[in-house]
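Presented below is the structure to which this report refers.
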Amino acid sequence: MINFYINSSIYMQVLLATIMTWAITALGAAIVYFFKKVNGTILDAMMGLSAGVMISASFWSLLNPAIDFANELGIKAWLIVSLGFLIGSLILILGDILFGKILEKRKKKNIKGLKRSLMLIFSITLHNIPEGLAIGVAFGSIAMGVPGATLTSAFMLAVGVGIQNFPEGTAVSLPLRRENFSRTKSFIYGMMSGIVEPIAGLIGCVLVIYVRNILPFFLSFAAGAMIYVAVSELIPESQNNKHKNLMSLFTILGFVIMMMLDVAFS
């Protein structure tokens, strides 16, 4: 199996690596099947945990690499990263307003909760695009003969992305279950939030030279989107729980876990 992977084309290696990251997202989404009854405190804790994961990933997985990429390319890191971050946040704000108006017209019950879930799906799906691109670029760099680019480092990047995808899949499926979606639908939506990674991975590999020039923007764009969702939706919702201090600890725990994983696999 290892020999097959090593001897495969660079495109097959990217595809298999990103399918792995997608599969781990699906595993995270499958957590929804283990809850026979939706417990508000558990879901609030998961929201707090997810907020910590997203805030941590925004820096360690997105902003920090974006700054490094920008410096490597000789462009103004402070400008491109700030611009990407702001645009990512603003698009989520506009999306928030748009979703609210659409749901109000359709007279949906519990508009706030459903809107939050839709925003979460959009944000995490958006976050997975630059991750897939980053994996594709890492593998494409090997084919381009970039110094220091190895199959091991590229694959470990995919492993690191995959590990952090587990709580992201959970972060989608559990809130949807809370909004009275069936377990199967919640799982499917959680799983599908990661399908963009194989697609983006192949695109990143094919267009590696061009993607490297705009990757800092994509990374910071996704970071802005994630921070907005964490600050405006996940943290306020988790803090509605009567055990506010415990929910805060879950947010801190999520941040620390994601930081450890990103640093360990960087």
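By convention in this document, the chains of the structure tokens carry letters A, B, ... by their order, each chain's residues are numbered from 1, and ligands are numbered from 1 in the order they are shown.
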
Practice problem: Give the helix (DSSP H, G or I) residues of region 142-187 of chain A, as assigned by DSSP on the backbone, as a PyMOL selection string. | Solution: chain A and resi 142-143+151-178+183-187

Output as CSV one row per residue of region 139-194 of chain A within 10 Å of region 53-69 of chain A: the closest atom pair and its distance in Å to one decimal place, counting only C-alpha atoms, sorted by chain and residue number ascending.
```
residue,atom,partner,partner_atom,distance
A:Gly160,CA,A:Ser61,CA,9.4
A:Val161,CA,A:Ser61,CA,8.5
A:Gln164,CA,A:Val53,CA,8.1
A:Pro167,CA,A:Val53,CA,7.8
A:Glu168,CA,A:Val53,CA,8.3
A:Ala171,CA,A:Val53,CA,9.8
```

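Take CA of Ser82 (chain A) and CA of Phe221 (chain A): the distance between them is 8.8 Å.
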
Practice problem: Please identify all polymer residues within 10 Å of Ala17 (chain A), counting only C-alpha atoms, omitting same-chain residues fewer than 2 positions from it, and present them as a PyMOL selection string. | Solution: chain A and resi 5+11-15+19-23+132+135-136+139+154-159+162+197-198+201

Go ahead and save the picked residues with C-alpha atoms, as a PDB file, in the first residue's frame.
```
ATOM      1  CA  TYR A   5       1.184   5.530  -2.819  1.00  0.00           C
ATOM      2  CA  TYR A  11      -2.201  13.985  -8.692  1.00  0.00           C
ATOM      3  CA  MET A  12      -3.192  10.599  -7.266  1.00  0.00           C
ATOM      4  CA  GLN A  13      -1.158  11.332  -4.144  1.00  0.00           C
ATOM      5  CA  VAL A  14      -2.981  14.640  -3.669  1.00  0.00           C
ATOM      6  CA  LEU A  15      -6.363  13.016  -4.294  1.00  0.00           C
ATOM      7  CA  ILE A  19      -9.845  12.078   0.521  1.00  0.00           C
ATOM      8  CA  MET A  20      -8.293  11.050   3.829  1.00  0.00           C
ATOM      9  CA  THR A  21      -8.879  14.541   5.276  1.00  0.00           C
ATOM     10  CA  TRP A  22     -12.468  14.402   4.018  1.00  0.00           C
ATOM     11  CA  ALA A  23     -12.977  10.979   5.607  1.00  0.00           C
ATOM     12  CA  GLY A 132      -7.171  21.794   0.318  1.00  0.00           C
ATOM     13  CA  ILE A 135      -2.167  20.459   0.550  1.00  0.00           C
ATOM     14  CA  GLY A 136      -2.220  20.643  -3.255  1.00  0.00           C
ATOM     15  CA  PHE A 139       2.445  18.152  -3.253  1.00  0.00           C
ATOM     16  CA  ALA A 154       3.373  17.113   2.299  1.00  0.00           C
ATOM     17  CA  PHE A 155       1.664  14.021   3.677  1.00  0.00           C
ATOM     18  CA  MET A 156       2.166  15.155   7.285  1.00  0.00           C
ATOM     19  CA  LEU A 157       0.532  18.449   6.376  1.00  0.00           C
ATOM     20  CA  ALA A 158      -2.452  16.451   5.125  1.00  0.00           C
ATOM     21  CA  VAL A 159      -2.475  14.429   8.363  1.00  0.00           C
ATOM     22  CA  GLY A 162      -7.204  15.808   8.733  1.00  0.00           C
ATOM     23  CA  GLU A 197     -10.820  19.686   0.066  1.00  0.00           C
ATOM     24  CA  PRO A 198     -10.159  17.014  -2.624  1.00  0.00           C
ATOM     25  CA  GLY A 201      -6.307  20.010  -3.528  1.00  0.00           C
TER      26      GLY A 201
END
```

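Atom pair CA of Ala51 (chain A) / CA of Thr251 (chain A) has a distance of 6.0 Å (rounded to one decimal).
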
Leaving out Phe85 (chain A) and any residue of its chain fewer than 2 positions from it, which residues lie within 7 Å of it when counting only C-alpha atoms, given as a PDB file with C-alpha atoms, in the first residue's frame?
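Contents of result.pdb, freshly written:
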```
ATOM      1  CA  VAL A  81      -3.184  39.275   5.236  1.00  0.00           C
ATOM      2  CA  SER A  82      -5.185  42.186   6.694  1.00  0.00           C
ATOM      3  CA  LEU A  83      -7.108  42.598   3.445  1.00  0.00           C
ATOM      4  CA  ILE A  87     -12.908  40.593   3.328  1.00  0.00           C
ATOM      5  CA  GLY A  88     -13.489  37.125   4.791  1.00  0.00           C
ATOM      6  CA  SER A  89     -15.209  38.681   7.811  1.00  0.00           C
ATOM      7  CA  SER A 220      -6.320  34.960   5.737  1.00  0.00           C
ATOM      8  CA  PHE A 221      -9.740  35.150   4.031  1.00  0.00           C
ATOM      9  CA  ALA A 223      -9.354  33.032   9.007  1.00  0.00           C
ATOM     10  CA  GLY A 224     -11.539  36.136   8.951  1.00  0.00           C
TER      11      GLY A 224
END
```

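Distances from A:Ser193, A:Thr18, A:Thr41, A:Gln239 to Leu126 (chain A) were compared using only C-alpha atoms, and the smallest one belongs to A:Ser193.
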